[in-house]
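Asks: File data_35.json below, JSON, C-alpha atoms:
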```json
[["chain", "number", "residue", "atom", "x", "y", "z"],
["A", 27, "MET", "CA", 17.56, 19.85, -7.21],
["A", 28, "SER", "CA", 14.28, 21.65, -7.78],
["A", 29, "GLN", "CA", 11.22, 20.58, -5.83],
["A", 30, "THR", "CA", 8.60, 18.94, -8.01],
["A", 31, "LYS", "CA", 5.55, 21.21, -8.22],
["A", 32, "VAL", "CA", 2.24, 19.41, -8.72],
["A", 33, "ARG", "CA", -1.07, 21.04, -9.63],
["A", 34, "ALA", "CA", -4.11, 18.77, -9.73],
["A", 35, "PHE", "CA", -7.26, 19.24, -11.83],
["A", 36, "PHE", "CA", -10.18, 17.06, -10.73],
["A", 37, "ASP", "CA", -12.97, 16.22, -13.17],
["A", 38, "GLU", "CA", -15.92, 15.20, -11.03],
["A", 39, "ALA", "CA", -17.92, 13.90, -14.02],
["A", 40, "THR", "CA", -15.39, 11.07, -14.48],
["A", 41, "ASN", "CA", -13.78, 11.16, -11.01],
["A", 42, "THR", "CA", -10.44, 11.74, -12.75],
["A", 43, "ALA", "CA", -7.44, 13.64, -11.41],
["A", 44, "SER", "CA", -5.18, 15.14, -14.07],
["A", 45, "TYR", "CA", -1.91, 16.85, -13.23],
["A", 46, "VAL", "CA", 0.52, 19.50, -14.37],
["A", 47, "VAL", "CA", 3.96, 18.64, -12.99],
["A", 48, "SER", "CA", 6.60, 21.32, -13.30],
["A", 49, "ASP", "CA", 10.13, 22.34, -12.37],
["A", 50, "PRO", "CA", 9.97, 25.84, -10.85],
["A", 51, "SER", "CA", 13.60, 26.60, -11.71],
["A", 52, "THR", "CA", 13.24, 25.98, -15.45],
["A", 53, "ARG", "CA", 9.44, 26.23, -15.91],
["A", 54, "ARG", "CA", 9.43, 23.02, -17.91],
["A", 55, "ALA", "CA", 6.38, 20.82, -17.37],
["A", 56, "ALA", "CA", 4.53, 17.58, -18.04],
["A", 57, "ILE", "CA", 0.78, 16.99, -18.19],
["A", 58, "ILE", "CA", -0.50, 13.67, -16.88],
["A", 59, "ASP", "CA", -3.81, 11.93, -17.75],
["A", 60, "PRO", "CA", -5.78, 14.87, -19.20],
["A", 61, "VAL", "CA", -9.55, 14.63, -19.79],
["A", 62, "LEU", "CA", -11.64, 15.37, -22.88],
["A", 63, "ASP", "CA", -15.23, 16.16, -21.87],
["A", 64, "PHE", "CA", -17.76, 13.81, -23.46],
["A", 65, "LYS", "CA", -21.54, 13.54, -23.16],
["A", 66, "PRO", "CA", -22.53, 9.98, -24.10],
["A", 67, "ALA", "CA", -26.21, 10.73, -24.69],
["A", 68, "SER", "CA", -25.42, 13.22, -27.45],
["A", 69, "ALA", "CA", -21.87, 12.11, -28.32],
["A", 70, "ARG", "CA", -20.75, 15.71, -27.91],
["A", 71, "THR", "CA", -17.15, 16.52, -26.98],
["A", 72, "ALA", "CA", -15.92, 19.64, -25.23],
["A", 73, "THR", "CA", -12.57, 20.93, -24.00],
["A", 74, "LEU", "CA", -13.51, 22.67, -20.76],
["A", 75, "SER", "CA", -11.26, 20.43, -18.67],
["A", 76, "ALA", "CA", -8.37, 20.84, -21.09],
["A", 77, "GLU", "CA", -8.80, 24.60, -21.19],
["A", 78, "LEU", "CA", -8.29, 24.78, -17.42],
["A", 79, "ILE", "CA", -4.93, 23.11, -17.91],
["A", 80, "ILE", "CA", -4.04, 25.39, -20.83],
["A", 81, "ASP", "CA", -4.93, 28.47, -18.79],
["A", 82, "TYR", "CA", -2.74, 27.28, -15.90],
["A", 83, "VAL", "CA", 0.21, 26.52, -18.19],
["A", 84, "LYS", "CA", -0.01, 29.93, -19.84],
["A", 85, "GLU", "CA", -0.57, 31.82, -16.58],
["A", 86, "HIS", "CA", 2.58, 30.29, -15.09],
["A", 87, "GLU", "CA", 4.54, 30.58, -18.36],
["A", 88, "LEU", "CA", 5.35, 26.89, -18.48],
["A", 89, "GLY", "CA", 6.83, 25.00, -21.40],
["A", 90, "VAL", "CA", 5.27, 21.57, -21.91],
["A", 91, "ASP", "CA", 7.73, 18.82, -22.79],
["A", 92, "TRP", "CA", 5.55, 15.79, -22.09],
["A", 93, "ILE", "CA", 1.92, 14.67, -22.15],
["A", 94, "LEU", "CA", 1.97, 11.43, -20.20],
["A", 95, "GLU", "CA", -0.66, 8.71, -20.09],
["A", 96, "THR", "CA", -0.41, 6.24, -17.21],
["A", 97, "HIS", "CA", -2.42, 3.66, -19.22],
["A", 98, "VAL", "CA", -5.24, 3.29, -21.76],
["A", 99, "HIS", "CA", -8.15, 4.69, -19.78],
["A", 100, "ALA", "CA", -11.58, 3.08, -19.94],
["A", 101, "ASP", "CA", -13.43, 5.67, -17.88],
["A", 102, "HIS", "CA", -12.64, 8.94, -19.63],
["A", 103, "LEU", "CA", -11.50, 10.20, -23.01],
["A", 104, "SER", "CA", -8.04, 11.72, -23.26],
["A", 105, "SER", "CA", -7.44, 15.28, -24.45],
["A", 106, "SER", "CA", -3.77, 14.56, -25.22],
["A", 107, "GLN", "CA", -4.04, 15.48, -28.90],
["A", 108, "TYR", "CA", -5.87, 18.72, -28.18],
["A", 109, "LEU", "CA", -3.28, 19.73, -25.59],
["A", 110, "GLN", "CA", -0.43, 18.83, -27.91],
["A", 111, "ASP", "CA", -1.95, 20.96, -30.67],
["A", 112, "ASN", "CA", -2.15, 23.92, -28.28],
["A", 113, "LEU", "CA", 0.89, 23.48, -26.04],
["A", 114, "GLY", "CA", 3.29, 21.08, -27.77],
["A", 115, "GLY", "CA", 5.06, 18.24, -25.98],
["A", 116, "GLN", "CA", 5.48, 14.56, -26.77],
["A", 117, "ILE", "CA", 2.63, 12.13, -26.02],
["A", 118, "ALA", "CA", 3.94, 9.07, -24.19],
["A", 119, "ILE", "CA", 2.58, 5.84, -22.72],
["A", 120, "GLY", "CA", 3.96, 2.46, -21.65],
["A", 121, "SER", "CA", 5.00, 0.07, -24.42],
["A", 122, "GLY", "CA", 2.43, -2.42, -23.18],
["A", 123, "VAL", "CA", -0.10, -0.38, -25.13],
["A", 124, "ARG", "CA", 0.67, -2.64, -28.08],
["A", 125, "SER", "CA", -1.01, -5.61, -26.43],
["A", 126, "VAL", "CA", -4.02, -3.51, -25.47],
["A", 127, "GLN", "CA", -4.35, -2.34, -29.07],
["A", 128, "ASP", "CA", -4.07, -5.92, -30.27],
["A", 129, "ALA", "CA", -6.91, -6.93, -27.94],
["A", 130, "PHE", "CA", -9.28, -4.27, -29.28],
["A", 131, "ARG", "CA", -8.05, -3.58, -32.83],
["A", 132, "ASN", "CA", -10.55, -5.85, -34.57],
["A", 133, "ILE", "CA", -13.41, -5.06, -32.19],
["A", 134, "PHE", "CA", -13.20, -1.33, -32.93],
["A", 135, "GLU", "CA", -11.61, -1.51, -36.42],
["A", 136, "LEU", "CA", -8.68, 0.59, -35.24],
["A", 137, "GLY", "CA", -6.57, 0.04, -38.35],
["A", 138, "GLU", "CA", -2.94, -0.86, -38.84],
["A", 139, "LEU", "CA", -1.47, 2.58, -38.04],
["A", 140, "ASP", "CA", -2.96, 2.52, -34.57],
["A", 141, "ALA", "CA", -1.87, -1.07, -34.00],
["A", 142, "ALA", "CA", 1.69, 0.09, -34.68],
["A", 143, "CYS", "CA", 1.31, 2.89, -32.11],
["A", 144, "GLY", "CA", 1.85, 5.50, -34.79],
["A", 145, "GLN", "CA", 0.01, 8.23, -32.90],
["A", 146, "PHE", "CA", 2.03, 8.03, -29.67],
["A", 147, "ASP", "CA", 5.33, 9.85, -29.89],
["A", 148, "VAL", "CA", 7.13, 7.79, -27.23],
["A", 149, "LEU", "CA", 6.57, 4.29, -25.85],
["A", 150, "PHE", "CA", 8.28, 3.86, -22.49],
["A", 151, "ASN", "CA", 9.83, 0.65, -21.22],
["A", 152, "ASP", "CA", 10.43, -0.24, -17.58],
["A", 153, "ASN", "CA", 13.12, 1.95, -15.95],
["A", 154, "ASP", "CA", 13.34, 4.38, -18.87],
["A", 155, "ALA", "CA", 14.61, 7.76, -17.71],
["A", 156, "PHE", "CA", 13.58, 11.23, -18.85],
["A", 157, "GLN", "CA", 13.73, 14.82, -17.58],
["A", 158, "ILE", "CA", 11.32, 17.60, -16.71],
["A", 159, "GLY", "CA", 13.64, 20.57, -16.67],
["A", 160, "SER", "CA", 16.25, 19.78, -14.01],
["A", 161, "ILE", "CA", 14.07, 17.11, -12.36],
["A", 162, "ALA", "CA", 14.96, 13.50, -13.06],
["A", 163, "ALA", "CA", 12.06, 11.21, -13.92],
["A", 164, "ARG", "CA", 11.80, 7.45, -14.28],
["A", 165, "VAL", "CA", 9.21, 5.02, -15.61],
["A", 166, "LEU", "CA", 8.11, 2.01, -13.56],
["A", 167, "ALA", "CA", 6.16, -0.64, -15.45],
["A", 168, "THR", "CA", 3.23, -1.46, -13.16],
["A", 169, "PRO", "CA", 0.93, -3.81, -15.11],
["A", 170, "GLY", "CA", -2.02, -5.64, -13.65],
["A", 171, "HIS", "CA", -4.91, -3.25, -14.15],
["A", 172, "THR", "CA", -3.90, -3.25, -17.84],
["A", 173, "PRO", "CA", -0.70, -4.39, -19.60],
["A", 174, "ALA", "CA", 0.12, -0.77, -20.49],
["A", 175, "CYS", "CA", 0.07, 0.62, -16.95],
["A", 176, "VAL", "CA", 3.10, 2.59, -15.82],
["A", 177, "THR", "CA", 3.94, 4.75, -12.83],
["A", 178, "TYR", "CA", 5.84, 7.97, -13.44],
["A", 179, "LEU", "CA", 8.36, 8.72, -10.69],
["A", 180, "ILE", "CA", 9.15, 12.43, -11.00],
["A", 181, "GLY", "CA", 11.43, 13.77, -8.28],
["A", 182, "ASP", "CA", 9.74, 12.97, -4.97],
["A", 183, "ALA", "CA", 6.33, 12.35, -6.56],
["A", 184, "ALA", "CA", 4.89, 9.22, -8.20],
["A", 185, "PHE", "CA", 1.83, 9.17, -10.46],
["A", 186, "VAL", "CA", 0.34, 5.70, -10.19],
["A", 187, "GLY", "CA", -2.60, 5.80, -12.60],
["A", 188, "ASP", "CA", -5.29, 3.26, -11.65],
["A", 189, "THR", "CA", -2.87, 0.88, -9.93],
["A", 190, "LEU", "CA", -3.80, 2.23, -6.50],
["A", 191, "PHE", "CA", -6.61, 4.32, -5.08],
["A", 192, "MET", "CA", -6.60, 6.23, -1.82],
["A", 193, "PRO", "CA", -5.86, 3.92, 1.14],
["A", 194, "ASP", "CA", -9.52, 3.86, 2.22],
["A", 195, "PHE", "CA", -10.64, 2.75, -1.26],
["A", 196, "GLY", "CA", -8.04, 0.14, -2.14],
["A", 197, "THR", "CA", -6.85, -1.03, -5.54],
["A", 198, "ALA", "CA", -7.83, -1.22, -9.20],
["A", 199, "ARG", "CA", -9.80, -3.90, -11.02],
["A", 200, "THR", "CA", -7.89, -6.52, -13.02],
["A", 201, "ASP", "CA", -10.58, -8.03, -15.26],
["A", 202, "PHE", "CA", -9.84, -6.11, -18.46],
["A", 203, "PRO", "CA", -8.06, -7.99, -21.31],
["A", 204, "GLY", "CA", -4.49, -8.62, -20.22],
["A", 205, "GLY", "CA", -5.24, -7.69, -16.61],
["A", 206, "SER", "CA", -3.87, -9.82, -13.80],
["A", 207, "ALA", "CA", -4.36, -9.71, -10.03],
["A", 208, "ILE", "CA", -1.03, -11.49, -9.55],
["A", 209, "GLU", "CA", 0.76, -8.88, -11.66],
["A", 210, "LEU", "CA", -1.05, -6.05, -9.89],
["A", 211, "TYR", "CA", 0.14, -7.31, -6.51],
["A", 212, "ALA", "CA", 3.75, -7.42, -7.75],
["A", 213, "SER", "CA", 3.44, -3.97, -9.33],
["A", 214, "ILE", "CA", 2.12, -2.45, -6.13],
["A", 215, "GLN", "CA", 5.05, -3.94, -4.22],
["A", 216, "LYS", "CA", 7.37, -1.96, -6.52],
["A", 217, "ILE", "CA", 5.54, 1.22, -5.55],
["A", 218, "LEU", "CA", 5.53, 0.37, -1.85],
["A", 219, "GLU", "CA", 9.30, -0.18, -1.98],
["A", 220, "LEU", "CA", 9.84, 3.50, -2.85],
["A", 221, "PRO", "CA", 10.97, 5.80, 0.00],
["A", 222, "GLU", "CA", 8.13, 6.11, 2.51],
["A", 223, "ALA", "CA", 7.87, 9.90, 2.11],
["A", 224, "THR", "CA", 7.30, 9.62, -1.67],
["A", 225, "ARG", "CA", 4.14, 11.48, -2.60],
["A", 226, "LEU", "CA", 1.67, 9.28, -4.47],
["A", 227, "PHE", "CA", -0.90, 10.81, -6.80],
["A", 228, "MET", "CA", -3.98, 8.85, -7.84],
["A", 229, "CYS", "CA", -5.76, 9.02, -11.19],
["A", 230, "HIS", "CA", -9.23, 8.62, -9.62],
["A", 231, "ASP", "CA", -11.15, 9.08, -6.42],
["A", 232, "TYR", "CA", -14.69, 7.98, -5.62],
["A", 233, "LYS", "CA", -14.94, 9.12, -1.97],
["A", 234, "ALA", "CA", -14.85, 5.99, 0.15],
["A", 235, "PRO", "CA", -17.82, 5.45, 2.48],
["A", 236, "GLY", "CA", -17.60, 7.87, 5.39],
["A", 237, "ARG", "CA", -15.36, 10.37, 3.57],
["A", 238, "GLU", "CA", -17.01, 13.57, 2.38],
["A", 239, "GLU", "CA", -14.20, 15.16, 0.34],
["A", 240, "PHE", "CA", -12.45, 13.99, -2.79],
["A", 241, "ALA", "CA", -8.77, 13.19, -2.29],
["A", 242, "TRP", "CA", -6.02, 12.13, -4.66],
["A", 243, "GLU", "CA", -2.70, 12.55, -2.82],
["A", 244, "THR", "CA", -1.25, 10.11, -0.30],
["A", 245, "SER", "CA", 2.20, 8.66, 0.46],
["A", 246, "VAL", "CA", 4.03, 5.37, 0.30],
["A", 247, "LEU", "CA", 3.94, 5.13, 4.10],
["A", 248, "GLN", "CA", 0.18, 5.73, 4.24],
["A", 249, "GLN", "CA", -0.41, 3.07, 1.59],
["A", 250, "ARG", "CA", 1.85, 0.59, 3.35],
["A", 251, "GLU", "CA", 0.03, 1.04, 6.65],
["A", 252, "LYS", "CA", -3.57, 1.77, 5.70],
["A", 253, "ASN", "CA", -4.56, 0.48, 2.26],
["A", 254, "ILE", "CA", -7.64, -1.66, 2.85],
["A", 255, "HIS", "CA", -6.68, -4.15, 0.11],
["A", 256, "ILE", "CA", -2.90, -4.41, 0.14],
["A", 257, "ASN", "CA", -1.15, -3.18, 3.28],
["A", 258, "THR", "CA", 2.03, -4.88, 4.46],
["A", 259, "SER", "CA", 0.10, -7.68, 6.20],
["A", 260, "VAL", "CA", -1.64, -8.94, 3.02],
["A", 261, "SER", "CA", -0.15, -11.89, 1.13],
["A", 262, "SER", "CA", -0.21, -12.30, -2.63],
["A", 263, "ALA", "CA", -2.64, -15.22, -2.41],
["A", 264, "ALA", "CA", -5.03, -13.33, -0.14],
["A", 265, "PHE", "CA", -4.92, -10.28, -2.40],
["A", 266, "VAL", "CA", -5.58, -12.29, -5.57],
["A", 267, "GLU", "CA", -8.56, -14.05, -3.97],
["A", 268, "MET", "CA", -10.02, -10.73, -2.79],
["A", 269, "ARG", "CA", -9.34, -8.86, -6.04],
["A", 270, "GLU", "CA", -10.72, -11.50, -8.38],
["A", 271, "GLY", "CA", -13.80, -11.90, -6.21],
["A", 272, "ARG", "CA", -14.51, -8.18, -6.29],
["A", 273, "ASP", "CA", -13.88, -7.98, -10.03],
["A", 274, "ARG", "CA", -16.58, -10.57, -10.71],
["A", 275, "GLN", "CA", -19.13, -8.19, -9.21],
["A", 276, "LEU", "CA", -18.16, -5.09, -11.20],
["A", 277, "GLY", "CA", -20.01, -3.70, -14.21],
["A", 278, "MET", "CA", -18.38, -2.13, -17.26],
["A", 279, "PRO", "CA", -17.25, 1.51, -17.02],
["A", 280, "ALA", "CA", -19.88, 3.84, -18.49],
["A", 281, "LEU", "CA", -17.52, 5.35, -21.09],
["A", 282, "ILE", "CA", -15.45, 2.29, -21.99],
["A", 283, "ILE", "CA", -16.67, 2.04, -25.62],
["A", 284, "PRO", "CA", -15.91, 5.63, -26.69],
["A", 285, "ALA", "CA", -12.91, 5.94, -24.36],
["A", 286, "LEU", "CA", -10.99, 2.99, -25.75],
["A", 287, "GLN", "CA", -11.47, 4.06, -29.34],
["A", 288, "VAL", "CA", -10.06, 7.51, -28.61],
["A", 289, "ASN", "CA", -7.40, 6.60, -26.07],
["A", 290, "LEU", "CA", -5.91, 3.78, -28.13],
["A", 291, "ARG", "CA", -5.32, 6.46, -30.76],
["A", 292, "ALA", "CA", -3.42, 8.66, -28.27],
["A", 293, "GLY", "CA", -6.44, 10.91, -27.73],
["A", 294, "ARG", "CA", -7.30, 11.29, -31.40],
["A", 295, "LEU", "CA", -10.88, 10.98, -32.64],
["A", 296, "PRO", "CA", -11.46, 8.69, -35.65],
["A", 297, "GLU", "CA", -11.02, 10.14, -39.11],
["A", 298, "ALA", "CA", -14.14, 11.68, -40.62],
["A", 299, "HIS", "CA", -16.12, 9.72, -43.22],
["A", 300, "GLU", "CA", -16.82, 11.11, -46.67],
["A", 301, "ASN", "CA", -19.81, 12.99, -45.26],
["A", 302, "GLY", "CA", -17.51, 14.89, -42.89],
["A", 303, "ILE", "CA", -18.82, 13.16, -39.75],
["A", 304, "GLN", "CA", -16.65, 11.28, -37.25],
["A", 305, "TYR", "CA", -18.05, 8.02, -35.92],
["A", 306, "LEU", "CA", -17.37, 5.81, -32.91],
["A", 307, "ASN", "CA", -18.24, 2.12, -33.28],
["A", 308, "ILE", "CA", -20.57, 0.28, -30.87],
["A", 309, "PRO", "CA", -19.83, -3.45, -30.98],
["A", 310, "VAL", "CA", -22.97, -5.38, -30.05],
["A", 311, "ASP", "CA", -22.81, -8.45, -27.77],
["A", 312, "VAL", "CA", -19.01, -8.40, -27.75],
["A", 313, "LEU", "CA", -17.71, -6.69, -24.60]]
```
For the structure just supplied, provide its representation as structure tokens.

Replies:
Amino acid sequence: MSQTKVRAFFDEATNTASYVVSDPSTRRAAIIDPVLDFKPASARTATLSAELIIDYVKEHELGVDWILETHVHADHLSSSQYLQDNLGGQIAIGSGVRSVQDAFRNIFELGELDAACGQFDVLFNDNDAFQIGSIAARVLATPGHTPACVTYLIGDAAFVGDTLFMPDFGTARTDFPGGSAIELYASIQKILELPEATRLFMCHDYKAPGREEFAWETSVLQQREKNIHINTSVSSAAFVEMREGRDRQLGMPALIIPALQVNLRAGRLPEAHENGIQYLNIPVDVL
């Protein structure tokens, strides 16, 4: 079996780690959680982050089969559509996206097509299998942060989205619609039951106090032993009490309003109005 090759791309503006995962023997690849640059003050988009991925894919002569979203992100906009237009591949996400779309469809006037997930090519269920070249991959449903959260287990590597952070930073919030601290605890147990040498790749890093460098790769063993929120000595009840208490103190992500409207459409911006301009809605006194 080929060794899973992982190349990370870290966007410091949103603290997001995106990945190109490839099979060296076949040069087939998947892209995970790509970023579309967005300046909220001017509502300007750019594709600098996506172009870094495109350059890497072309330099290494990779064929892209998949563009994988671990969940509906609230902290960055996805460049999935742009990458698909330039590199091909199927855009996939967990089937729980339907409930997330239902929660926000009326707030953002998403429309019926989006509610039916018409702009995602594949909706994965728990334990669905797929391939990246000769490397076997599997989907683990890991809800809790959001209902749509999944972990992609690709060879010896797992991409956990926002379910976990680095051991010195802990775990994800659970106060979004459909989120659940109880579910998050159970989902993390599924990840911690993987072989201890499994490489775990985070979607974000915020540099925990005392750490000077960004980091996004750890292991099951390190999470079991050192995660400050959910190591092997922490019970479900203790975790839920801690997580819900922390969540009550958190503010909204800075990009949640534009991010949801784009990411619930699989990375597609809204259709232009008759004047040729695309608009994002700002619901007042709702969120």

Asks: Nearest to Leu113 (chain A) among A:Gly236, A:Gly89, A:Pro66, A:Gly271, with distances taken over only C-alpha atoms: which residue is it?

Replies: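 Between A:Gly236, A:Gly89, A:Pro66, A:Gly271, the residue approaching Leu113 (chain A) most closely is A:Gly89.
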
Asks: Hey, what's within 10 Å of Gln157 (chain A) if we count all atoms listed in the file and toss same-chain stuff fewer than 3 positions away? As a ChimeraX atom specification, please?

Replies: /A:49,54-56,91-92,160-164,180-181

Asks: Just give me the gap between CA of Val83 (chain A) and CA of Phe156 (chain A) in Å, one decimal is fine.

Replies: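 About the pair CA of Val83 (chain A) and CA of Phe156 (chain A): they are 20.3 Å apart.
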
Asks: For the atom pair CA of Leu210 (chain A) and CA of His230 (chain A), what is the interatomic distance in Å to one decimal place?

Replies: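 Computed distance, CA of Leu210 (chain A) to CA of His230 (chain A), equals 16.8 Å.
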
Asks: Hey, which bits of region 91-138 of chain A sit within 7 Å of region 281-300 of chain A, and for each residue what's the closest pair of atoms and how far apart in Å (one decimal), counting all atoms listed in the file, rows by chain and increasing number, as CSV?

Replies:
```
residue,atom,partner,partner_atom,distance
A:Val98,CA,A:Asn289,CA,5.8
A:His99,CA,A:Asn289,CA,6.6
A:Ala100,CA,A:Ile282,CA,4.5
A:Asp101,CA,A:Leu281,CA,5.2
A:His102,CA,A:Ala285,CA,5.6
A:Leu103,CA,A:Ala285,CA,4.7
A:Ser104,CA,A:Gly293,CA,4.8
A:Ser105,CA,A:Gly293,CA,5.6
A:Ser106,CA,A:Gly293,CA,5.2
A:Gln107,CA,A:Gly293,CA,5.3
A:Gln127,CA,A:Leu290,CA,6.4
A:Phe134,CA,A:Gln287,CA,6.7
```

Asks: What lies within 12 Å of Met268 (chain A) using only C-alpha atoms, ignoring chain neighbours under 3 positions off, as a PyMOL selection string?

Replies: chain A and resi 196-200+207-208+211+254-256+260-265+271-275

Asks: Box time for region 173-191 of chain A: axis-aligned, enclosing all its listed atoms, 5 Å extra on each side; report centre and edge lengths in Å to one decimal, as JSON.

Replies:
```
{"center_x": 2.4, "center_y": 4.7, "center_z": -12.7, "size_x": 28.0, "size_y": 28.2, "size_z": 25.5}
```

Asks: Which residues are near Thr224 (chain A)? Cut-off 7 Å, all atoms listed in the file, ignore same chain within fewer than 4 positions. Put them as a count of residues only.

Replies: 6

Asks: Find the residues near Glu95 (chain A): any atom within 7 Å, counting all atoms listed in the file, skip ones fewer than 3 places away on the same chain, and give them as a PyMOL selection string.

Replies: chain A and resi 58-59+118-119

Asks: Please, what distance in Å, to one decimal, runs between CA of Leu149 (chain A) and CA of Arg124 (chain A)?

Replies: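 CA of Arg124 (chain A) lies at a distance of 9.4 Å from CA of Leu149 (chain A).
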
Asks: Name all residues at most 9 Å from Ser213 (chain A) (count only C-alpha atoms; drop same-chain ones fewer than 3 positions away) and give them as JSON, numbers by chain.

Replies: {"A": [166, 167, 168, 169, 170, 189, 208, 209, 210, 216, 217, 218]}

Asks: Once you count all atoms listed in the file, which residues end up no further than 8 Å from (-3.9, 17.7, -16.4) in the file's frame, shown as a ChimeraX atom specification?

Replies: /A:34-35,43-46,57-61,76,79

Asks: Mind dumping the selected residues with C-alpha atoms as an mmCIF file, keeping the file's coordinate frame?

Replies:
```
data_model
loop_
_atom_site.group_PDB
_atom_site.id
_atom_site.type_symbol
_atom_site.label_atom_id
_atom_site.label_comp_id
_atom_site.auth_asym_id
_atom_site.auth_seq_id
_atom_site.Cartn_x
_atom_site.Cartn_y
_atom_site.Cartn_z
ATOM 1 C CA ALA A 34 -4.110 18.770 -9.730
ATOM 2 C CA PHE A 35 -7.260 19.240 -11.830
ATOM 3 C CA ALA A 43 -7.440 13.640 -11.410
ATOM 4 C CA SER A 44 -5.180 15.140 -14.070
ATOM 5 C CA TYR A 45 -1.910 16.850 -13.230
ATOM 6 C CA VAL A 46 0.520 19.500 -14.370
ATOM 7 C CA ILE A 57 0.780 16.990 -18.190
ATOM 8 C CA ILE A 58 -0.500 13.670 -16.880
ATOM 9 C CA ASP A 59 -3.810 11.930 -17.750
ATOM 10 C CA PRO A 60 -5.780 14.870 -19.200
ATOM 11 C CA VAL A 61 -9.550 14.630 -19.790
ATOM 12 C CA ALA A 76 -8.370 20.840 -21.090
ATOM 13 C CA ILE A 79 -4.930 23.110 -17.910
#
```

Asks: Using only C-alpha atoms, pick whichever of A:Gly114, A:Gly205, A:Pro193, A:Gly159 has the shortest atom-to-atom distance to His171 (chain A).

Replies: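 Smallest separation from His171 (chain A) among the options: A:Gly205.
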
Asks: Which residue out of A:Val310, A:Ala67, A:Ala39, A:Leu88 has the minimum interatomic distance to Arg53 (chain A) when all atoms listed in the file are used?

Replies: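 Going through A:Val310, A:Ala67, A:Ala39, A:Leu88 one by one, the smallest distance to Arg53 (chain A) is for A:Leu88.
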
Asks: Nearest residue to Asp231 (chain A) out of A:Ile308, A:Met192, A:Ala212, A:Val266, using all atoms listed in the file?

Replies: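 Counting all atoms listed in the file, the residue closest to Asp231 (chain A) is A:Met192.
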
Asks: When distances are computed from only C-alpha atoms, which of A:Asn253, A:Thr258, A:Gln304, A:Thr30 shows the smallest separation from Gln215 (chain A)?

Replies: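 Closest to Gln215 (chain A), using only C-alpha atoms: A:Thr258.
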
Asks: Which residue out of A:Gln249, A:Asn151, A:Gln145, A:Gln110 has the minimum interatomic distance to Gly122 (chain A) when only C-alpha atoms are used?

Replies: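 The shortest atom-to-atom distance to Gly122 (chain A) comes from A:Asn151.
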